[in-house]
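So this one's entry.cif, mmCIF, C-alpha atoms:
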```cif
data_my_file
loop_
_atom_site.group_PDB
_atom_site.id
_atom_site.type_symbol
_atom_site.label_atom_id
_atom_site.label_comp_id
_atom_site.auth_asym_id
_atom_site.auth_seq_id
_atom_site.Cartn_x
_atom_site.Cartn_y
_atom_site.Cartn_z
ATOM 1 C CA MET T 8 -15.061 -1.825 28.098
ATOM 2 C CA ARG T 9 -15.442 -3.580 24.763
ATOM 3 C CA GLU T 10 -14.307 -7.199 24.743
ATOM 4 C CA ARG T 11 -11.757 -8.196 22.150
ATOM 5 C CA ALA T 12 -11.627 -11.742 20.799
ATOM 6 C CA PRO T 13 -8.075 -13.150 20.964
ATOM 7 C CA GLY T 14 -6.401 -13.080 17.553
ATOM 8 C CA LEU T 15 -9.222 -11.120 15.922
ATOM 9 C CA THR T 16 -7.198 -8.004 15.057
ATOM 10 C CA PRO T 17 -4.629 -9.675 12.754
ATOM 11 C CA VAL T 18 -7.394 -11.668 11.057
ATOM 12 C CA ARG T 19 -9.334 -8.478 10.350
ATOM 13 C CA LEU T 20 -6.201 -6.750 9.074
ATOM 14 C CA ALA T 21 -5.565 -9.706 6.769
ATOM 15 C CA ILE T 22 -9.162 -9.496 5.482
ATOM 16 C CA ASP T 23 -8.642 -5.779 4.832
ATOM 17 C CA GLY T 24 -5.553 -6.639 2.802
ATOM 18 C CA VAL T 25 -7.536 -9.112 0.698
ATOM 19 C CA ASP T 26 -10.241 -6.462 0.146
ATOM 20 C CA ASP T 27 -7.658 -3.931 -0.998
ATOM 21 C CA GLY T 28 -6.174 -6.564 -3.297
ATOM 22 C CA LEU T 29 -9.575 -7.113 -4.888
ATOM 23 C CA VAL T 30 -9.879 -3.406 -5.618
ATOM 24 C CA LEU T 31 -6.345 -3.275 -7.042
ATOM 25 C CA LEU T 32 -7.175 -6.201 -9.322
ATOM 26 C CA LEU T 33 -10.385 -4.486 -10.413
ATOM 27 C CA ALA T 34 -8.403 -1.355 -11.289
ATOM 28 C CA ALA T 35 -5.918 -3.455 -13.315
ATOM 29 C CA ARG T 36 -8.800 -5.222 -15.097
ATOM 30 C CA THR T 37 -10.383 -1.912 -16.036
ATOM 31 C CA ARG T 38 -7.117 -0.607 -17.506
ATOM 32 C CA LEU T 39 -6.743 -3.793 -19.548
ATOM 33 C CA ALA T 40 -10.321 -3.397 -20.721
ATOM 34 C CA ARG T 41 -9.524 0.112 -22.009
ATOM 35 C CA LEU T 42 -6.564 -1.318 -23.929
ATOM 36 C CA ALA T 43 -8.752 -4.087 -25.360
ATOM 37 C CA GLY T 44 -11.283 -1.456 -26.452
ATOM 38 C CA ARG T 45 -8.618 0.488 -28.335
ATOM 39 C CA LEU T 46 -7.340 -2.667 -30.013
ATOM 40 C CA LYS T 47 -10.866 -3.677 -31.076
ATOM 41 C CA ALA T 48 -11.563 -0.221 -32.422
ATOM 42 C CA GLY T 49 -8.338 -0.247 -34.418
ATOM 43 C CA ALA T 50 -9.145 -3.651 -35.912
ATOM 44 C CA GLY T 51 -12.775 -2.797 -36.631
ATOM 45 C CA VAL T 52 -14.014 -5.518 -34.262
ATOM 46 C CA PRO T 53 -17.431 -5.025 -32.567
ATOM 47 C CA GLY T 54 -17.060 -3.526 -29.130
ATOM 48 C CA ARG T 55 -19.196 -5.971 -27.176
ATOM 49 C CA ASP T 56 -18.926 -9.772 -27.196
ATOM 50 C CA GLU T 57 -21.901 -11.156 -25.258
ATOM 51 C CA ALA T 58 -20.788 -14.752 -25.756
ATOM 52 C CA ARG T 59 -17.439 -13.993 -24.123
ATOM 53 C CA GLU T 60 -19.152 -12.216 -21.224
ATOM 54 C CA GLN T 61 -21.242 -15.314 -20.561
ATOM 55 C CA ARG T 62 -18.158 -17.548 -20.739
ATOM 56 C CA VAL T 63 -16.341 -15.353 -18.252
ATOM 57 C CA ARG T 64 -19.226 -15.556 -15.789
ATOM 58 C CA ARG T 65 -19.640 -19.324 -16.216
ATOM 59 C CA ARG T 66 -15.917 -19.856 -15.672
ATOM 60 C CA ALA T 67 -16.124 -17.807 -12.465
ATOM 61 C CA GLU T 68 -19.103 -19.843 -11.252
ATOM 62 C CA THR T 69 -17.275 -23.124 -11.931
ATOM 63 C CA LEU T 70 -14.112 -21.988 -10.141
ATOM 64 C CA ALA T 71 -16.175 -20.661 -7.238
ATOM 65 C CA GLY T 72 -17.856 -24.045 -6.809
ATOM 66 C CA VAL T 73 -14.479 -25.771 -6.628
ATOM 67 C CA LEU T 74 -13.186 -23.290 -4.029
ATOM 68 C CA GLY T 75 -16.283 -23.384 -1.843
ATOM 69 C CA VAL T 76 -17.559 -19.911 -2.809
ATOM 70 C CA ALA T 77 -21.200 -19.311 -3.700
ATOM 71 C CA PRO T 78 -21.366 -19.315 -7.564
ATOM 72 C CA ASP T 79 -23.905 -16.475 -7.512
ATOM 73 C CA THR T 80 -21.456 -14.340 -5.545
ATOM 74 C CA ALA T 81 -18.644 -14.945 -8.035
ATOM 75 C CA SER T 82 -20.973 -14.325 -10.973
ATOM 76 C CA GLY T 83 -22.219 -11.108 -9.396
ATOM 77 C CA VAL T 84 -18.703 -9.782 -8.816
ATOM 78 C CA LEU T 85 -17.767 -10.578 -12.419
ATOM 79 C CA ALA T 86 -20.950 -8.870 -13.618
ATOM 80 C CA LEU T 87 -19.837 -5.677 -11.877
ATOM 81 C CA ALA T 88 -16.361 -6.003 -13.375
ATOM 82 C CA ILE T 89 -17.829 -6.560 -16.847
ATOM 83 C CA GLY T 90 -19.996 -3.491 -16.402
ATOM 84 C CA ASP T 91 -16.931 -1.418 -15.499
ATOM 85 C CA ALA T 92 -15.142 -2.813 -18.564
ATOM 86 C CA ARG T 93 -18.025 -1.756 -20.813
ATOM 87 C CA ARG T 94 -17.995 1.746 -19.376
ATOM 88 C CA ALA T 95 -14.204 1.909 -19.810
ATOM 89 C CA GLN T 96 -14.702 1.065 -23.501
ATOM 90 C CA GLY T 97 -17.536 3.566 -23.914
ATOM 91 C CA LEU T 98 -20.181 0.852 -24.218
ATOM 92 C CA GLN T 99 -23.595 0.860 -22.593
ATOM 93 C CA SER T 100 -24.133 -1.395 -19.568
ATOM 94 C CA ASP T 101 -27.251 -3.546 -19.342
ATOM 95 C CA LEU T 102 -29.198 -3.381 -16.124
ATOM 96 C CA ASP T 103 -29.891 -7.110 -16.243
ATOM 97 C CA GLN T 104 -26.179 -7.852 -15.794
ATOM 98 C CA GLY T 105 -26.285 -6.762 -12.179
ATOM 99 C CA VAL T 106 -24.347 -3.550 -12.672
ATOM 100 C CA ALA T 107 -25.140 -0.933 -10.087
ATOM 101 C CA PRO T 108 -25.605 2.723 -11.065
ATOM 102 C CA ARG T 109 -22.595 4.999 -10.896
ATOM 103 C CA ASP T 110 -23.809 6.672 -7.705
ATOM 104 C CA GLY T 111 -24.341 3.379 -5.916
ATOM 105 C CA ARG T 112 -21.493 1.071 -6.813
ATOM 106 C CA MET T 113 -20.932 -1.960 -4.628
ATOM 107 C CA ILE T 114 -17.182 -1.779 -5.223
ATOM 108 C CA ALA T 115 -15.579 1.514 -4.237
ATOM 109 C CA ALA T 116 -12.890 3.264 -6.239
ATOM 110 C CA ILE T 117 -9.291 2.378 -5.442
ATOM 111 C CA MET T 118 -8.191 4.125 -2.279
ATOM 112 C CA GLN T 119 -6.241 7.312 -2.705
ATOM 113 C CA THR T 120 -3.630 8.287 -0.158
ATOM 114 C CA GLN T 121 -2.081 11.055 -2.226
ATOM 115 C CA THR T 122 -3.669 14.449 -1.786
ATOM 116 C CA ASP T 123 -2.312 15.767 -5.079
ATOM 117 C CA SER T 124 -2.632 13.944 -8.396
ATOM 118 C CA ALA T 125 0.845 14.818 -9.653
ATOM 119 C CA PRO T 126 3.928 16.348 -8.027
ATOM 120 C CA PRO T 127 4.805 19.898 -9.070
ATOM 121 C CA PRO T 128 7.774 20.488 -11.389
ATOM 122 C CA ALA T 129 11.077 20.098 -9.577
ATOM 123 C CA HIS T 130 13.108 23.229 -8.835
ATOM 124 C CA PRO T 131 16.392 23.215 -10.808
ATOM 125 C CA LEU T 132 18.456 23.587 -7.611
ATOM 126 C CA LEU T 133 17.094 20.255 -6.359
ATOM 127 C CA ARG T 134 19.356 18.591 -8.909
ATOM 128 C CA LEU T 135 22.239 19.489 -6.598
ATOM 129 C CA VAL T 136 20.789 17.356 -3.796
ATOM 130 C CA PRO T 137 22.693 14.036 -3.758
ATOM 131 C CA PRO T 138 20.670 10.801 -3.767
ATOM 132 C CA PRO T 139 20.393 8.990 -0.412
ATOM 133 C CA ARG T 140 23.039 6.397 -1.288
ATOM 134 C CA ARG T 141 25.640 9.184 -1.513
ATOM 135 C CA ILE T 142 24.979 10.299 2.060
ATOM 136 C CA ALA T 143 24.802 6.764 3.471
ATOM 137 C CA PRO T 144 28.430 6.847 4.715
ATOM 138 C CA LEU T 145 27.673 9.969 6.768
ATOM 139 C CA LEU T 146 24.684 8.343 8.474
ATOM 140 C CA ARG T 147 26.732 5.300 9.421
ATOM 141 C CA VAL T 148 28.883 7.601 11.564
ATOM 142 C CA LEU T 149 25.942 7.899 13.980
ATOM 143 C CA PRO T 150 26.424 5.432 16.847
ATOM 144 C CA PRO T 151 23.960 2.515 16.759
ATOM 145 C CA SER T 152 22.716 3.489 20.202
ATOM 146 C CA MET T 153 21.722 6.935 18.905
ATOM 147 C CA GLN T 154 20.012 5.426 15.851
ATOM 148 C CA LYS T 155 18.110 3.103 18.191
ATOM 149 C CA ARG T 156 16.919 5.943 20.457
ATOM 150 C CA LEU T 157 15.808 8.109 17.517
ATOM 151 C CA LEU T 158 13.856 5.268 15.902
ATOM 152 C CA GLU T 159 12.186 4.215 19.159
ATOM 153 C CA ARG T 160 11.094 7.795 19.877
ATOM 154 C CA ALA T 161 9.700 8.219 16.360
ATOM 155 C CA MET T 162 7.756 4.934 16.588
ATOM 156 C CA ALA T 163 6.385 5.880 20.000
ATOM 157 C CA LYS T 164 4.932 9.114 18.585
ATOM 158 C CA VAL T 165 3.602 7.754 15.294
ATOM 159 C CA LEU T 166 2.173 4.545 16.782
ATOM 160 C CA ALA T 167 0.822 5.933 20.057
ATOM 161 C CA ALA T 168 -2.856 5.456 19.089
ATOM 162 C CA PRO T 169 -2.641 1.844 17.776
ATOM 163 C CA MET T 170 -0.477 1.005 20.781
ATOM 164 C CA ALA T 171 -3.135 2.304 23.155
ATOM 165 C CA ASP T 172 -6.107 0.542 21.528
ATOM 166 C CA GLY T 173 -4.396 -2.849 21.206
ATOM 167 C CA THR T 174 -4.006 -2.856 17.423
ATOM 168 C CA LEU T 175 -0.298 -3.593 17.833
ATOM 169 C CA ASP T 176 -0.865 -6.602 20.106
ATOM 170 C CA PHE T 177 -0.035 -8.941 17.196
ATOM 171 C CA MET T 178 3.586 -7.711 17.447
ATOM 172 C CA ALA T 179 4.031 -8.991 21.017
ATOM 173 C CA GLY T 180 7.156 -11.119 20.995
ATOM 174 C CA ARG T 181 7.418 -10.880 17.179
ATOM 175 C CA ARG T 182 10.375 -9.358 15.379
ATOM 176 C CA LEU T 183 9.897 -7.183 12.296
ATOM 177 C CA GLY T 184 12.834 -5.913 10.266
ATOM 178 C CA ILE T 185 12.954 -2.485 8.599
ATOM 179 C CA GLU T 186 15.599 -2.084 5.908
ATOM 180 C CA VAL T 187 16.426 1.200 4.159
ATOM 181 C CA SER T 188 18.143 -0.236 1.124
ATOM 182 C CA ASP T 189 19.877 2.841 -0.307
ATOM 183 C CA LEU T 190 21.125 4.043 3.094
ATOM 184 C CA GLY T 191 22.412 0.652 4.174
ATOM 185 C CA LEU T 192 20.412 0.854 7.415
ATOM 186 C CA ARG T 193 18.584 -2.051 9.009
ATOM 187 C CA TRP T 194 16.749 -2.435 12.299
ATOM 188 C CA VAL T 195 14.710 -5.172 13.948
ATOM 189 C CA VAL T 196 11.848 -4.036 16.181
ATOM 190 C CA GLU T 197 9.841 -6.001 18.736
ATOM 191 C CA LEU T 198 6.867 -5.136 20.946
ATOM 192 C CA GLN T 199 7.908 -5.426 24.576
ATOM 193 C CA GLY T 200 5.156 -4.467 26.984
ATOM 194 C CA GLN T 201 3.744 -1.200 25.666
ATOM 195 C CA GLN T 202 6.780 -0.133 23.652
ATOM 196 C CA LEU T 203 8.351 -1.010 20.324
ATOM 197 C CA VAL T 204 12.068 -1.456 20.874
ATOM 198 C CA VAL T 205 15.032 -2.108 18.595
ATOM 199 C CA VAL T 206 16.568 -5.524 19.270
ATOM 200 C CA ASP T 207 19.688 -7.336 18.082
ATOM 201 C CA THR T 208 17.994 -10.639 17.198
ATOM 202 C CA PRO T 209 17.118 -11.846 13.652
ATOM 203 C CA ALA T 210 13.852 -10.647 12.093
ATOM 204 C CA GLU T 211 10.961 -12.988 11.339
ATOM 205 C CA ALA T 212 9.828 -10.742 8.480
ATOM 206 C CA THR T 213 11.446 -7.744 6.828
ATOM 207 C CA VAL T 214 10.085 -4.740 4.939
ATOM 208 C CA ARG T 215 12.670 -3.279 2.566
ATOM 209 C CA GLY T 216 12.510 -0.060 0.545
ATOM 210 C CA THR T 217 14.435 3.074 -0.360
ATOM 211 C CA ALA T 218 14.599 6.039 1.985
ATOM 212 C CA THR T 219 12.379 8.104 -0.322
ATOM 213 C CA ASP T 220 9.681 5.459 -0.694
ATOM 214 C CA LEU T 221 9.574 4.762 3.046
ATOM 215 C CA LEU T 222 9.290 8.497 3.668
ATOM 216 C CA LEU T 223 6.495 8.796 1.087
ATOM 217 C CA LEU T 224 4.657 6.047 2.965
ATOM 218 C CA ALA T 225 5.220 7.717 6.333
ATOM 219 C CA GLY T 226 4.177 11.110 4.931
ATOM 220 C CA ARG T 227 0.953 9.703 3.440
ATOM 221 C CA LEU T 228 1.909 10.587 -0.137
ATOM 222 C CA GLU T 229 1.858 6.910 -1.162
ATOM 223 C CA ASP T 230 -0.060 3.938 0.205
ATOM 224 C CA ALA T 231 1.480 0.614 1.139
ATOM 225 C CA ASP T 232 -0.476 -1.402 -1.432
ATOM 226 C CA THR T 233 0.742 0.752 -4.322
ATOM 227 C CA LEU T 234 4.365 0.565 -3.185
ATOM 228 C CA PHE T 235 4.230 -3.214 -2.753
ATOM 229 C CA PHE T 236 2.367 -3.665 -6.043
ATOM 230 C CA GLN T 237 5.091 -1.707 -7.863
ATOM 231 C CA ARG T 238 7.824 -3.626 -6.014
ATOM 232 C CA ARG T 239 9.138 -0.422 -4.468
ATOM 233 C CA LEU T 240 8.601 -2.058 -1.088
ATOM 234 C CA VAL T 241 9.566 -5.715 -0.710
ATOM 235 C CA LEU T 242 8.417 -8.132 1.961
ATOM 236 C CA THR T 243 10.502 -11.174 2.917
ATOM 237 C CA GLY T 244 10.242 -13.789 5.644
ATOM 238 C CA ASP T 245 7.052 -14.613 7.570
ATOM 239 C CA VAL T 246 4.287 -13.662 5.110
ATOM 240 C CA GLU T 247 1.492 -13.502 7.702
ATOM 241 C CA LEU T 248 3.436 -11.190 10.004
ATOM 242 C CA GLY T 249 4.573 -9.029 7.097
ATOM 243 C CA LEU T 250 1.096 -8.671 5.595
ATOM 244 C CA THR T 251 -0.399 -7.801 8.971
ATOM 245 C CA ALA T 252 2.241 -5.119 9.473
ATOM 246 C CA ARG T 253 1.687 -3.820 5.934
ATOM 247 C CA ASN T 254 -2.052 -3.500 6.485
ATOM 248 C CA LEU T 255 -1.420 -1.698 9.746
ATOM 249 C CA LEU T 256 0.816 0.817 7.968
ATOM 250 C CA ASP T 257 -1.992 1.649 5.570
ATOM 251 C CA ARG T 258 -4.507 2.190 8.381
ATOM 252 C CA LEU T 259 -2.606 4.237 10.891
ATOM 253 C CA PRO T 260 -4.869 6.898 12.434
ATOM 254 C CA TRP T 261 -3.059 9.789 10.749
ATOM 255 C CA GLU T 262 -5.268 12.366 12.453
ATOM 256 C CA LYS T 263 -3.995 11.194 15.869
ATOM 257 C CA VAL T 264 -0.323 11.698 14.998
ATOM 258 C CA PRO T 265 0.942 14.976 16.555
ATOM 259 C CA LEU T 266 0.384 17.860 14.142
ATOM 260 C CA GLY T 267 4.011 18.970 14.153
ATOM 261 C CA LEU T 268 5.183 15.467 13.262
ATOM 262 C CA ARG T 269 2.556 15.197 10.510
ATOM 263 C CA ILE T 270 3.743 18.445 8.945
ATOM 264 C CA THR T 271 7.396 17.383 9.188
ATOM 265 C CA LEU T 272 6.745 13.984 7.602
ATOM 266 C CA ASN T 273 4.589 15.412 4.832
ATOM 267 C CA ARG T 274 6.985 18.199 3.909
ATOM 268 C CA GLY T 275 9.977 15.900 4.152
ATOM 269 C CA ALA T 276 8.270 13.382 1.859
ATOM 270 C CA ARG T 277 7.413 16.086 -0.688
ATOM 271 C CA PHE T 278 10.996 17.343 -0.666
ATOM 272 C CA ALA T 279 12.402 13.822 -1.081
ATOM 273 C CA ARG T 280 10.028 13.090 -3.959
ATOM 274 C CA ALA T 281 10.904 16.338 -5.723
ATOM 275 C CA ALA T 282 14.635 15.788 -5.209
ATOM 276 C CA ARG T 283 14.434 12.268 -6.618
ATOM 277 C CA GLY T 284 12.515 13.543 -9.632
ATOM 278 C CA ALA T 285 15.068 16.294 -10.255
ATOM 279 C CA TYR T 286 17.992 13.881 -9.927
ATOM 280 C CA ARG T 287 16.416 11.399 -12.348
ATOM 281 C CA ALA T 288 15.714 14.190 -14.818
ATOM 282 C CA LYS T 289 19.360 15.233 -14.658
ATOM 283 C CA ALA T 290 20.493 11.662 -15.233
#
```
Please rewrite the model in this file as structure tokens.
Amino acid sequence: MRERAPGLTPVRLAIDGVDDGLVLLLAARTRLARLAGRLKAGAGVPGRDEAREQRVRRRAETLAGVLGVAPDTASGVLALAIGDARRAQGLQSDLDQGVAPRDGRMIAAIMQTQTDSAPPPAHPLLRLVPPPRRIAPLLRVLPPSMQKRLLERAMAKVLAAPMADGTLDFMAGRRLGIEVSDLGLRWVVELQGQQLVVVDTPAEATVRGTATDLLLLAGRLEDADTLFFQRRLVLTGDVELGLTARNLLDRLPWEKVPLGLRITLNRGARFARAARGAYRAKA
């Protein structure tokens, strides 16, 4: 049996979150570089500014030295980013700047959870589907005990694999809140033994989002980083606990979730996304 260092799992999940953040920042930098290229072209300014590139790398080396990071590492990362910026602006990259070829990039493309690039046009009848906030009063009729049982059963099925391999050990004795803002629903879950249960005590950290966005996350049509970056999911309370939970959400072994549940989540998420799009179009 493989030995597991105490506390290693949440540290690794936190590192994964930092890695994903680096890629998100790289994607944002590349988009800004495209905008800068268009502005330079419109003003008749030369596309490449070698002096600025050198200043950017020197600034990174200086900051790296202050923070205890190897200056060469910071300079190398910036060289890759500069190379991506040149390509985004249609400029040629120099091999002496440390830019890897397209087929062998050191930094991978931003992760894609969505299987389709754009949702299909909404059916006109979907405009008749009321938004979640309109059906919130009906859901509140359900007794809290029934809500608790349904949520615990769903978590047991979706999280069976990470529960078995110890990935959820960081939740032992910790309380995480889940808030569905437009439905007015809120639960606090805690790992007790080998089961996540709904408890009546205050949460240490809370993840809040709309019913549709939470369903898109569960159905693998959106990833956690994108939703948090766009402020469609909000994290409050204990940052370390919340970030660890967020990273876990993005790395759930989807292939180990029962097929029937996967299909239900995916189709439900697609329907919710289409209905929201139709309702917004009507408005």
*Do a neighbour search on Trp194 in chain T at 8 Å with only C-alpha atoms, toss out local chain neighbours closer than 2 positions, and write the hits as number ranges by chain.*
T: 184-186, 192, 196, 205-206
*With the file shown as input, list the residues that the PyMOL selection byres ((chain T and resi 86) around 9) selects, as a PyMOL selection string.*
chain T and resi 60+64+81-85+87-91+104-106
*Output of the PyMOL selection byres ((chain T and resi 171-174) around 10), listed as an MDAnalysis selection string*: chainID T and resid 11 15:17 20 166:170 175:178 201 255 259
Could those selected residues go to a file with C-alpha atoms, as a PDB file, in the frame of the given file?
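Saved result, part.pdb, follows:
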```pdb
ATOM      1  CA  ARG T  11     -11.757  -8.196  22.150  1.00  0.00           C
ATOM      2  CA  LEU T  15      -9.222 -11.120  15.922  1.00  0.00           C
ATOM      3  CA  THR T  16      -7.198  -8.004  15.057  1.00  0.00           C
ATOM      4  CA  PRO T  17      -4.629  -9.675  12.754  1.00  0.00           C
ATOM      5  CA  LEU T  20      -6.201  -6.750   9.074  1.00  0.00           C
ATOM      6  CA  LEU T 166       2.173   4.545  16.782  1.00  0.00           C
ATOM      7  CA  ALA T 167       0.822   5.933  20.057  1.00  0.00           C
ATOM      8  CA  ALA T 168      -2.856   5.456  19.089  1.00  0.00           C
ATOM      9  CA  PRO T 169      -2.641   1.844  17.776  1.00  0.00           C
ATOM     10  CA  MET T 170      -0.477   1.005  20.781  1.00  0.00           C
ATOM     11  CA  LEU T 175      -0.298  -3.593  17.833  1.00  0.00           C
ATOM     12  CA  ASP T 176      -0.865  -6.602  20.106  1.00  0.00           C
ATOM     13  CA  PHE T 177      -0.035  -8.941  17.196  1.00  0.00           C
ATOM     14  CA  MET T 178       3.586  -7.711  17.447  1.00  0.00           C
ATOM     15  CA  GLN T 201       3.744  -1.200  25.666  1.00  0.00           C
ATOM     16  CA  LEU T 255      -1.420  -1.698   9.746  1.00  0.00           C
ATOM     17  CA  LEU T 259      -2.606   4.237  10.891  1.00  0.00           C
TER      18      LEU T 259
END
```
*Nearest to Gly24 in chain T, chosen from T:Leu250, T:Ala281, T:Ala218, T:Val148, with all atoms listed in the file counted in the distances*: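 Looking at the shortest contact to Gly24 in chain T, the residue is T:Leu250.
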_Thr243 in chain T environment, 7 Å, only C-alpha atoms, sequence neighbours closer than 2 positions dropped, as a PyMOL selection string_ = chain T and resi 212-214+241+245
*Care to translate the PyMOL selection byres ((chain T and resi 240) around 9) into actual residues of this file, as a list of chain:residue names?*
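Going through the file, the PyMOL selection byres ((chain T and resi 240) around 9) ends up selecting T:Val214, T:Arg215, T:Gly216, T:Thr217, T:Asp220, T:Leu221, T:Ala231, T:Thr233, T:Leu234, T:Phe235, T:Phe236, T:Gln237, T:Arg238, T:Arg239, T:Val241, T:Leu242.
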*Counting all atoms listed in the file, which of T:Leu223, T:Leu203, T:Val246, T:Ala58 gets nearest to Ala21 in chain T?*
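Of the candidates, the smallest distance to Ala21 in chain T is held by T:Val246.
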Can you tell me, as lines of an AutoDock Vina configuration file, the centre and edge lengths (Å, one decimal) of the axis-aligned box enclosing all of range 171-184 of chain T's listed atoms after padding each side by 5 Å?
```
center_x = 3.4
center_y = -4.4
center_z = 16.7
size_x = 28.9
size_y = 23.4
size_z = 22.9
```
*Which residue out of T:Asp230, T:Arg66, T:Ser152, T:Gly14 has the minimum interatomic distance to Asp27 in chain T when only C-alpha atoms are used?*
T:Asp230
*Can you work out the spacing between CA of Lys164 in chain T and CA of Leu268 in chain T in Å, to one decimal?*
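Interatomic distance, CA of Lys164 in chain T to CA of Leu268 in chain T: 8.3 Å.
When all atoms listed in the file are used to measure the gap to Gly267 in chain T, the shortest distance among T:Arg181, T:Val165, T:Arg140, T:Glu229 belongs to T:Val165.
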*List the neighbours of Pro144 in chain T out to 10 Å using only C-alpha atoms; skip same-chain residues closer than 5 positions along the sequence, and give me the result as number ranges by chain.*
T: 139, 149, 190-191
*Considering only C-alpha atoms, state which residue in the set T:Arg19, T:Arg93, T:Arg283, T:Arg38 is at the smallest distance from Gly54 in chain T.*
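Ranking T:Arg19, T:Arg93, T:Arg283, T:Arg38 by distance to Gly54 in chain T, first place goes to T:Arg93.
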